[in-house]
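K.L.:
Next comes protein09.txt, compact mmCIF, C-alpha atoms:
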```txt
# COMPACT_ATOMS: atom_id res chain seq x y z
CA MET T 21 -25.81 6.59 18.85
CA ASN T 22 -28.25 8.31 16.49
CA MET T 23 -31.36 6.74 15.01
CA GLN T 24 -29.74 6.27 11.61
CA THR T 25 -26.92 4.19 13.05
CA LYS T 26 -29.31 2.12 15.17
CA ALA T 27 -31.45 1.41 12.13
CA SER T 28 -28.36 0.46 10.13
CA PHE T 29 -27.22 -1.96 12.83
CA LYS T 30 -30.65 -3.59 12.82
CA LYS T 31 -30.62 -3.77 9.03
CA GLU T 32 -27.16 -5.41 8.86
CA ILE T 33 -27.96 -7.96 11.58
CA SER T 34 -31.31 -8.82 9.99
CA ALA T 35 -29.79 -9.11 6.53
CA PHE T 36 -27.00 -11.35 7.81
CA THR T 37 -29.25 -13.70 9.78
CA ARG T 38 -32.54 -13.78 7.88
CA THR T 39 -30.88 -14.54 4.55
CA LYS T 40 -29.40 -17.68 6.19
CA LYS T 41 -25.87 -16.51 5.30
CA PHE T 42 -24.80 -16.48 8.94
CA LEU T 43 -26.20 -20.00 9.35
CA ILE T 44 -24.25 -21.23 6.33
CA ILE T 45 -21.02 -19.69 7.62
CA ALA T 46 -21.59 -21.11 11.11
CA CYS T 47 -22.19 -24.58 9.68
CA VAL T 48 -18.93 -24.37 7.70
CA PHE T 49 -16.91 -23.24 10.72
CA ILE T 50 -18.37 -25.78 13.15
CA GLY T 51 -18.27 -28.49 10.49
CA LEU T 52 -14.55 -27.96 9.91
CA ALA T 53 -13.93 -27.94 13.67
CA VAL T 54 -15.54 -31.38 13.92
CA PHE T 55 -14.39 -32.84 10.60
CA ASP T 56 -10.67 -32.01 10.73
CA PRO T 57 -9.82 -33.95 13.93
CA LEU T 58 -12.07 -36.83 12.84
CA MET T 59 -10.37 -36.97 9.45
CA LEU T 60 -6.91 -37.12 11.02
CA ARG T 61 -7.96 -39.84 13.42
CA GLY T 62 -9.80 -41.72 10.68
CA THR T 63 -6.73 -41.59 8.47
CA GLY T 64 -4.72 -43.40 11.14
CA LEU T 65 -7.38 -46.08 11.50
CA LEU T 66 -7.57 -46.49 7.73
CA ILE T 67 -3.81 -46.96 7.49
CA ASP T 68 -3.98 -49.60 10.22
CA ALA T 69 -6.63 -51.43 8.24
CA MET T 70 -4.55 -51.27 5.07
CA ASN T 71 -1.56 -52.71 6.93
CA THR T 72 -3.50 -55.97 7.31
CA ILE T 73 -3.05 -56.48 3.58
CA GLU T 74 0.21 -58.35 2.98
CA GLU T 75 1.18 -56.42 -0.13
CA ILE T 76 0.91 -53.06 1.68
CA ASP T 77 3.21 -51.90 4.44
CA MET T 78 2.45 -48.45 5.80
CA SER T 79 3.24 -49.19 9.42
CA GLY T 80 5.64 -46.27 9.77
CA LEU T 81 3.12 -43.73 8.56
CA GLY T 82 0.38 -45.39 10.59
CA ASP T 83 2.43 -45.15 13.79
CA PHE T 84 3.12 -41.47 13.13
CA VAL T 85 -0.55 -40.61 12.59
CA ASN T 86 -1.86 -42.77 15.43
CA ASP T 87 0.70 -41.43 17.88
CA ALA T 88 -0.19 -37.83 17.04
CA PRO T 89 -1.46 -35.87 20.08
CA ALA T 90 -4.77 -34.02 20.30
CA SER T 91 -3.05 -30.71 19.59
CA VAL T 92 -2.60 -31.77 15.96
CA GLY T 93 -6.37 -31.80 15.53
CA VAL T 94 -6.67 -28.24 16.80
CA TYR T 95 -3.70 -27.13 14.70
CA SER T 96 -5.30 -28.58 11.56
CA THR T 97 -8.66 -26.95 12.32
CA ILE T 98 -7.22 -23.46 12.81
CA SER T 99 -5.11 -23.79 9.65
CA ASP T 100 -8.10 -24.84 7.53
CA LEU T 101 -10.39 -22.17 8.98
CA ALA T 102 -7.84 -19.50 8.05
CA LEU T 103 -8.17 -20.63 4.42
CA ILE T 104 -11.52 -22.31 3.83
CA GLY T 105 -13.36 -20.37 6.53
CA LEU T 106 -12.07 -17.07 5.18
CA LEU T 107 -13.07 -18.05 1.64
CA ILE T 108 -16.66 -18.89 2.61
CA PHE T 109 -17.04 -15.88 4.90
CA LEU T 110 -15.92 -13.37 2.27
CA LEU T 111 -18.08 -14.90 -0.45
CA MET T 112 -21.16 -14.89 1.80
CA MET T 113 -20.48 -11.22 2.60
CA ASN T 114 -20.63 -10.02 -1.00
CA PRO T 115 -24.20 -8.64 -0.81
CA PHE T 116 -23.21 -6.53 2.20
CA ALA T 117 -19.78 -5.40 0.97
CA GLY T 118 -20.87 -3.20 -1.88
CA GLY T 119 -23.42 -5.55 -3.40
CA GLU T 120 -26.29 -3.25 -2.45
CA GLN T 121 -24.63 -0.42 -4.38
CA LYS T 122 -24.51 -2.52 -7.53
CA LYS T 123 -28.24 -3.20 -7.17
CA ARG T 124 -28.82 0.51 -6.47
CA SER T 125 -30.76 -0.37 -3.34
CA ILE T 126 -28.73 2.20 -1.41
CA ILE T 127 -29.91 5.12 -3.54
CA ILE T 128 -33.18 5.82 -1.71
CA PRO T 129 -31.61 5.67 1.80
CA ARG T 130 -28.82 7.99 0.67
CA THR T 131 -31.20 10.48 -0.89
CA SER T 132 -33.25 10.34 2.33
CA GLY T 133 -30.26 11.52 4.33
CA LEU T 134 -28.35 8.36 5.28
CA SER T 135 -24.84 9.48 6.25
CA SER T 136 -21.68 7.62 5.35
CA PRO T 137 -20.70 6.82 8.98
CA SER T 138 -24.17 5.41 9.69
CA TYR T 139 -23.92 3.30 6.53
CA LEU T 140 -20.40 1.97 7.14
CA LEU T 141 -19.90 1.72 10.90
CA PRO T 142 -22.41 -1.12 11.48
CA LYS T 143 -20.79 -3.13 8.69
CA PHE T 144 -17.34 -2.75 10.24
CA ILE T 145 -18.68 -3.96 13.58
CA VAL T 146 -21.26 -6.65 12.80
CA TYR T 147 -19.32 -8.76 10.28
CA PRO T 148 -15.85 -8.64 11.90
CA ALA T 149 -17.46 -9.42 15.26
CA ALA T 150 -19.24 -12.44 13.74
CA ALA T 151 -15.94 -13.70 12.31
CA PHE T 152 -14.24 -13.34 15.69
CA VAL T 153 -17.00 -15.13 17.64
CA LEU T 154 -17.22 -18.01 15.17
CA SER T 155 -13.42 -18.45 15.27
CA VAL T 156 -13.36 -18.73 19.06
CA ILE T 157 -16.33 -21.11 19.14
CA SER T 158 -14.79 -23.28 16.43
CA GLY T 159 -11.58 -23.50 18.44
CA PHE T 160 -13.56 -24.75 21.45
CA VAL T 161 -15.41 -27.34 19.33
CA SER T 162 -12.17 -28.61 17.80
CA TYR T 163 -10.66 -28.82 21.29
CA ALA T 164 -13.57 -30.91 22.58
CA VAL T 165 -13.54 -33.28 19.60
CA SER T 166 -9.75 -33.70 19.65
CA VAL T 167 -9.70 -34.51 23.36
CA LEU T 168 -12.36 -37.16 22.84
CA ILE T 169 -10.87 -39.01 19.87
CA PHE T 170 -7.07 -38.78 20.33
CA ASP T 171 -5.26 -40.98 22.82
CA THR T 172 -2.85 -38.31 24.03
CA ASN T 173 -4.26 -35.03 25.32
CA ASP T 174 -1.53 -32.40 25.32
CA ILE T 175 -3.81 -29.41 24.70
CA VAL T 176 -3.68 -26.38 26.98
CA PHE T 177 -7.12 -24.77 27.10
CA THR T 178 -5.75 -21.21 27.33
CA ASN T 179 -3.72 -21.86 24.17
CA VAL T 180 -6.89 -22.87 22.35
CA LEU T 181 -8.63 -19.70 23.55
CA LEU T 182 -5.73 -17.51 22.45
CA GLY T 183 -5.32 -19.33 19.13
CA GLY T 184 -9.02 -18.95 18.35
CA ALA T 185 -8.85 -15.27 19.23
CA LEU T 186 -5.81 -14.76 16.98
CA LEU T 187 -7.60 -16.53 14.14
CA GLY T 188 -10.57 -14.26 14.80
CA VAL T 189 -8.41 -11.14 14.51
CA TYR T 190 -6.86 -12.48 11.29
CA LEU T 191 -10.30 -13.05 9.74
CA MET T 192 -11.54 -9.69 11.04
CA MET T 193 -8.71 -7.96 9.23
CA PHE T 194 -9.57 -9.46 5.84
CA VAL T 195 -13.29 -8.91 6.42
CA CYS T 196 -12.51 -5.22 6.95
CA PHE T 197 -10.36 -5.18 3.81
CA HIS T 198 -13.27 -6.70 1.88
CA LEU T 199 -15.73 -4.17 3.29
CA CYS T 200 -13.41 -1.29 2.45
CA LEU T 201 -12.67 -2.33 -1.12
CA GLY T 202 -16.20 -3.53 -1.82
CA THR T 203 -18.03 -0.48 -0.52
CA ALA T 204 -15.52 1.90 -2.08
CA THR T 205 -15.80 0.37 -5.56
CA GLY T 206 -19.28 -1.16 -5.50
CA ARG T 207 -17.72 -4.35 -6.90
CA ALA T 208 -18.16 -6.95 -4.18
CA GLY T 209 -17.17 -9.93 -6.33
CA MET T 210 -13.91 -8.34 -7.37
CA SER T 211 -13.23 -7.29 -3.79
CA SER T 212 -13.71 -10.79 -2.36
CA ALA T 213 -11.50 -12.29 -5.08
CA VAL T 214 -8.73 -9.78 -4.36
CA CYS T 215 -8.89 -10.41 -0.61
CA ILE T 216 -8.95 -14.21 -0.96
CA VAL T 217 -6.07 -14.34 -3.43
CA GLY T 218 -4.18 -11.71 -1.46
CA ALA T 219 -4.53 -13.65 1.78
CA TRP T 220 -3.18 -16.81 0.18
CA ILE T 221 -0.35 -15.13 -1.74
CA LEU T 222 0.83 -12.93 1.14
CA SER T 223 0.77 -15.76 3.66
CA THR T 224 2.68 -18.05 1.32
CA LEU T 225 5.15 -15.36 0.27
CA PHE T 226 6.02 -14.30 3.81
CA ALA T 227 6.38 -17.95 4.84
CA LEU T 228 8.81 -18.59 1.97
CA ILE T 229 11.01 -15.64 2.91
CA GLY T 230 10.85 -16.44 6.62
CA MET T 231 8.82 -13.43 7.76
CA THR T 232 6.26 -15.31 9.86
CA ASP T 233 7.65 -14.50 13.29
CA ILE T 234 8.03 -10.73 13.12
CA PHE T 235 4.96 -8.58 13.89
CA ASN T 236 3.30 -9.55 10.61
CA PRO T 237 -0.53 -9.56 10.67
CA PHE T 238 -0.66 -11.23 7.25
CA THR T 239 0.84 -14.40 8.75
CA MET T 240 -1.32 -14.36 11.86
CA ASN T 241 -2.95 -17.55 10.57
CA THR T 242 0.36 -19.33 11.18
CA MET T 243 0.64 -17.77 14.60
CA ALA T 244 -2.94 -18.74 15.50
CA ALA T 245 -2.45 -22.38 14.52
CA ALA T 246 0.87 -22.57 16.32
CA VAL T 247 -0.47 -21.06 19.53
CA ALA T 248 -3.71 -23.08 19.53
CA GLY T 249 -1.82 -26.33 19.01
CA GLY T 250 0.84 -25.40 21.53
CA MET T 251 3.45 -25.63 18.83
CA HIS T 252 5.20 -23.74 16.11
CA LYS T 253 4.37 -24.30 12.44
CA GLU T 254 7.25 -26.78 12.04
CA ALA T 255 6.04 -29.05 14.82
CA ILE T 256 3.45 -30.56 12.52
CA VAL T 257 6.27 -32.34 10.67
CA ALA T 258 7.64 -33.73 13.93
CA THR T 259 10.65 -31.52 14.58
CA SER T 260 12.18 -31.86 18.01
CA GLU T 261 12.79 -28.15 18.58
CA LEU T 262 9.73 -25.99 19.01
CA ILE T 263 9.94 -22.21 18.67
CA TYR T 264 7.24 -20.48 20.67
CA TYR T 265 5.93 -17.02 19.99
CA GLU T 266 6.75 -14.44 22.61
CA THR T 267 3.91 -12.58 24.31
CA GLY T 268 5.24 -9.26 23.04
CA GLU T 269 5.21 -10.53 19.45
CA ILE T 270 1.61 -11.65 19.77
CA ILE T 271 0.42 -8.37 21.32
CA ALA T 272 2.28 -6.24 18.78
CA THR T 273 0.93 -8.27 15.85
CA VAL T 274 -2.64 -7.94 17.12
CA LEU T 275 -2.24 -4.19 17.61
CA ILE T 276 -0.90 -3.80 14.08
CA ALA T 277 -3.86 -5.76 12.72
CA LEU T 278 -6.33 -3.64 14.70
CA ALA T 279 -4.65 -0.46 13.45
CA ALA T 280 -5.00 -1.72 9.87
CA MET T 281 -8.73 -2.30 10.44
CA VAL T 282 -9.23 1.23 11.74
CA LEU T 283 -7.25 2.61 8.81
CA VAL T 284 -9.31 0.81 6.15
CA TYR T 285 -12.52 1.97 7.84
CA PHE T 286 -11.47 5.59 7.43
CA ILE T 287 -10.38 4.87 3.85
CA ALA T 288 -13.85 3.44 3.14
CA LEU T 289 -15.44 6.45 4.83
CA PHE T 290 -13.37 8.83 2.75
CA ALA T 291 -14.32 6.95 -0.44
CA GLN T 292 -18.02 7.14 0.42
CA ASN T 293 -17.82 10.85 1.10
CA ALA T 294 -15.80 11.51 -2.05
CA LYS T 295 -17.82 9.62 -4.61
CA ARG T 296 -21.30 10.15 -5.97
CA ILE T 297 -23.45 7.12 -6.60
CA ASP T 298 -24.49 6.98 -10.21
CA ASN T 299 -28.26 6.45 -10.36
CA SER T 300 -28.58 7.18 -14.04
CA GLY T 301 -30.29 4.66 -16.27
CA ASN T 302 -33.77 3.32 -16.69
CA GLU T 303 -33.47 0.05 -14.80
CA VAL T 304 -35.39 -0.02 -11.55
CA LEU T 305 -34.42 -2.66 -8.99
CA ILE T 306 -36.35 -3.06 -5.78
```
Starting from the file, lay out its structure as structure tokens.
P.N.:
Amino acid sequence: MNMQTKASFKKEISAFTRTKKFLIIACVFIGLAVFDPLMLRGTGLLIDAMNTIEEIDMSGLGDFVNDAPASVGVYSTISDLALIGLLIFLLMMNPFAGGEQKKRSIIIPRTSGLSSPSYLLPKFIVYPAAAFVLSVISGFVSYAVSVLIFDTNDIVFTNVLLGGALLGVYLMMFVCFHLCLGTATGRAGMSSAVCIVGAWILSTLFALIGMTDIFNPFTMNTMAAAVAGGMHKEAIVATSELIYYETGEIIATVLIALAAMVLVYFIALFAQNAKRIDNSGNEVLI
């Protein structure tokens, strides 16, 4: 590893941690991991309290919520992290996904000889790696909280580990998409909006047409929640038949996602090599 790349790694890590953005993201991830199971359990207790009022009868719903196993807490956490966690992570990444180009703070390093690989490679390692680690840790936290507060513990620890890892790969993929589009265009805000809306639309679209179980990295959020909770997506509405993902499907989906990440890195690299940063104008930003 050359000195440029080492310096870029140090710069990305320092920028991510010293600006408190990593701390904010970590608080969101861990907070959701704690809050989701507590909210589900609290909902059951609230319904029980409401049933003491004569005019209100919600005993059926209360029994369903209170009888829910611990795996439901993990399932809910992974599902919310794939949406809310992704949203916060991408928004917090804007300054690093092309934002420095908009402020022209990359001009001096580039004119001093900073190469495109040294500029891009640390980004495509530091931020996806952070997303993966936070996903796995959040899965563990949700597991611990769910085991403590739910009466029935049906969670398999290896499922939680695998589900958190799958969520991590899913988030890594969209982080790489954001880095590619943002650094290629210099429009980080537009890039994060496209990735967030695209993640929601694609996941919903593929779910509607029944393409969630076939080597589809864009529905890996569904797979992650299902695996972590030891259930398929339909189990959350209390179906009796559970459809489990095959090991081959999981491995193939992960490999496709990893291939997509490598592809967008080279697309971003090509874009950086092909374009010239416009440093015309009189505005000086330091």
K.L.:
Any chance you could tabulate, as JSON lines, the residues of region 216-244 of chain T at most 12 Å from region 168-182 of chain T with each one's nearest atom pair and distance in Å to one decimal, using all atoms listed in the file, in chain and rising number order?
P.N.:
```
{"residue": "T:Met240", "atom": "CA", "partner": "T:Leu182", "partner_atom": "CA", "distance": 11.9}
{"residue": "T:Met243", "atom": "CA", "partner": "T:Leu182", "partner_atom": "CA", "distance": 10.1}
{"residue": "T:Ala244", "atom": "CA", "partner": "T:Leu182", "partner_atom": "CA", "distance": 7.6}
```
K.L.:
Looking at T:Phe55, T:Tyr139, T:Tyr95, T:Phe226, which one is nearest to Lys30 (chain T), with distances taken over only C-alpha atoms?
P.N.:
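Comparing T:Phe55, T:Tyr139, T:Tyr95, T:Phe226 against Lys30 (chain T), the winner is T:Tyr139.
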K.L.:
Find the smallest box with edges along x, y and z containing every listed atom of region 166-176 of chain T, then add 5 Å on each side and report centre and edge lengths in Å to one decimal, as lines of an AutoDock Vina configuration file.
P.N.:
```
center_x = -6.9
center_y = -33.7
center_z = 23.3
size_x = 20.8
size_y = 24.6
size_z = 17.3
```
K.L.:
Using all atoms listed in the file, pick whichever of T:Ile270, T:Leu58, T:Leu101, T:Ile229 has the shortest atom-to-atom distance to Ser158 (chain T).
P.N.:
T:Leu101
K.L.:
Residues within 6 Å of region 271-273 of chain T, please, as a PyMOL selection string. Count only C-alpha atoms; anything in the same chain fewer than 2 positions from it doesn't count.
P.N.:
chain T and resi 235-237+268-269+275-276
K.L.:
Do you have the CA of His198 (chain T)-CA of Ala294 (chain T) distance handy?
P.N.:
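Straight-line distance from CA of His198 (chain T) to CA of Ala294 (chain T) works out to 18.8 Å.
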K.L.:
Calculated over all atoms listed in the file, which of the candidates T:Val167, T:Ala208, T:Met193, T:Ala291 has the smallest distance to Val54 (chain T)?
P.N.:
T:Val167
K.L.:
Distance CA of Thr205 (chain T)-CA of Met113 (chain T), one decimal place?
P.N.:
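Answer for the CA of Thr205 (chain T) to CA of Met113 (chain T) separation: 14.9 Å.
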K.L.:
Enter the distance from CA of Ser223 (chain T) to CA of Ala149 (chain T), in Å, rounded to one decimal.
P.N.:
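These two atoms are separated by 22.5 Å.
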K.L.:
Using only C-alpha atoms, which residues sit within 9 Å of Ile104 (chain T) once same-chain residues fewer than 3 positions away are excluded, as a PyMOL selection string?
P.N.:
chain T and resi 48-49+52+99-101+107-109
K.L.:
Find, counting all atoms listed in the file, the residue in T:Leu111, T:Ala150, T:Leu141, T:Ala219 that gets nearest to Thr37 (chain T).
P.N.:
T:Ala150
K.L.:
Using N, CA and C atoms, give me region 269-284 of chain T from the structure I just pasted, as an mmCIF file, in the first residue's frame.
P.N.:
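Written file, selection09.cif:
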```cif
data_model
loop_
_atom_site.group_PDB
_atom_site.id
_atom_site.type_symbol
_atom_site.label_atom_id
_atom_site.label_comp_id
_atom_site.auth_asym_id
_atom_site.auth_seq_id
_atom_site.Cartn_x
_atom_site.Cartn_y
_atom_site.Cartn_z
ATOM 1 N N GLU T 269 -29.031 -20.549 -1.881
ATOM 2 C CA GLU T 269 -29.650 -19.268 -2.227
ATOM 3 C C GLU T 269 -28.974 -18.115 -1.491
ATOM 4 N N ILE T 270 -28.678 -18.334 -0.230
ATOM 5 C CA ILE T 270 -28.035 -17.290 0.564
ATOM 6 C C ILE T 270 -26.637 -16.978 0.024
ATOM 7 N N ILE T 271 -25.848 -18.026 -0.219
ATOM 8 C CA ILE T 271 -24.477 -17.827 -0.715
ATOM 9 C C ILE T 271 -24.489 -17.138 -2.074
ATOM 10 N N ALA T 272 -25.353 -17.596 -2.967
ATOM 11 C CA ALA T 272 -25.413 -17.005 -4.308
ATOM 12 C C ALA T 272 -25.830 -15.541 -4.248
ATOM 13 N N THR T 273 -26.791 -15.217 -3.397
ATOM 14 C CA THR T 273 -27.251 -13.834 -3.268
ATOM 15 C C THR T 273 -26.140 -12.936 -2.749
ATOM 16 N N VAL T 274 -25.394 -13.424 -1.761
ATOM 17 C CA VAL T 274 -24.277 -12.648 -1.213
ATOM 18 C C VAL T 274 -23.204 -12.431 -2.280
ATOM 19 N N LEU T 275 -22.892 -13.467 -3.037
ATOM 20 C CA LEU T 275 -21.872 -13.339 -4.084
ATOM 21 C C LEU T 275 -22.298 -12.346 -5.156
ATOM 22 N N ILE T 276 -23.568 -12.343 -5.506
ATOM 23 C CA ILE T 276 -24.068 -11.384 -6.492
ATOM 24 C C ILE T 276 -23.939 -9.961 -5.953
ATOM 25 N N ALA T 277 -24.275 -9.779 -4.671
ATOM 26 C CA ALA T 277 -24.162 -8.457 -4.054
ATOM 27 C C ALA T 277 -22.708 -7.993 -4.025
ATOM 28 N N LEU T 278 -21.795 -8.889 -3.663
ATOM 29 C CA LEU T 278 -20.371 -8.536 -3.634
ATOM 30 C C LEU T 278 -19.855 -8.186 -5.031
ATOM 31 N N ALA T 279 -20.316 -8.926 -6.031
ATOM 32 C CA ALA T 279 -19.925 -8.630 -7.411
ATOM 33 C C ALA T 279 -20.422 -7.253 -7.833
ATOM 34 N N ALA T 280 -21.630 -6.904 -7.406
ATOM 35 C CA ALA T 280 -22.173 -5.576 -7.723
ATOM 36 C C ALA T 280 -21.336 -4.480 -7.079
ATOM 37 N N MET T 281 -20.858 -4.720 -5.865
ATOM 38 C CA MET T 281 -20.013 -3.724 -5.185
ATOM 39 C C MET T 281 -18.703 -3.512 -5.927
ATOM 40 N N VAL T 282 -18.083 -4.604 -6.351
ATOM 41 C CA VAL T 282 -16.834 -4.500 -7.101
ATOM 42 C C VAL T 282 -17.072 -3.756 -8.411
ATOM 43 N N LEU T 283 -18.185 -4.065 -9.068
ATOM 44 C CA LEU T 283 -18.507 -3.422 -10.340
ATOM 45 C C LEU T 283 -18.668 -1.915 -10.180
ATOM 46 N N VAL T 284 -19.419 -1.477 -9.157
ATOM 47 C CA VAL T 284 -19.637 -0.036 -9.011
ATOM 48 C C VAL T 284 -18.355 0.682 -8.591
#
```
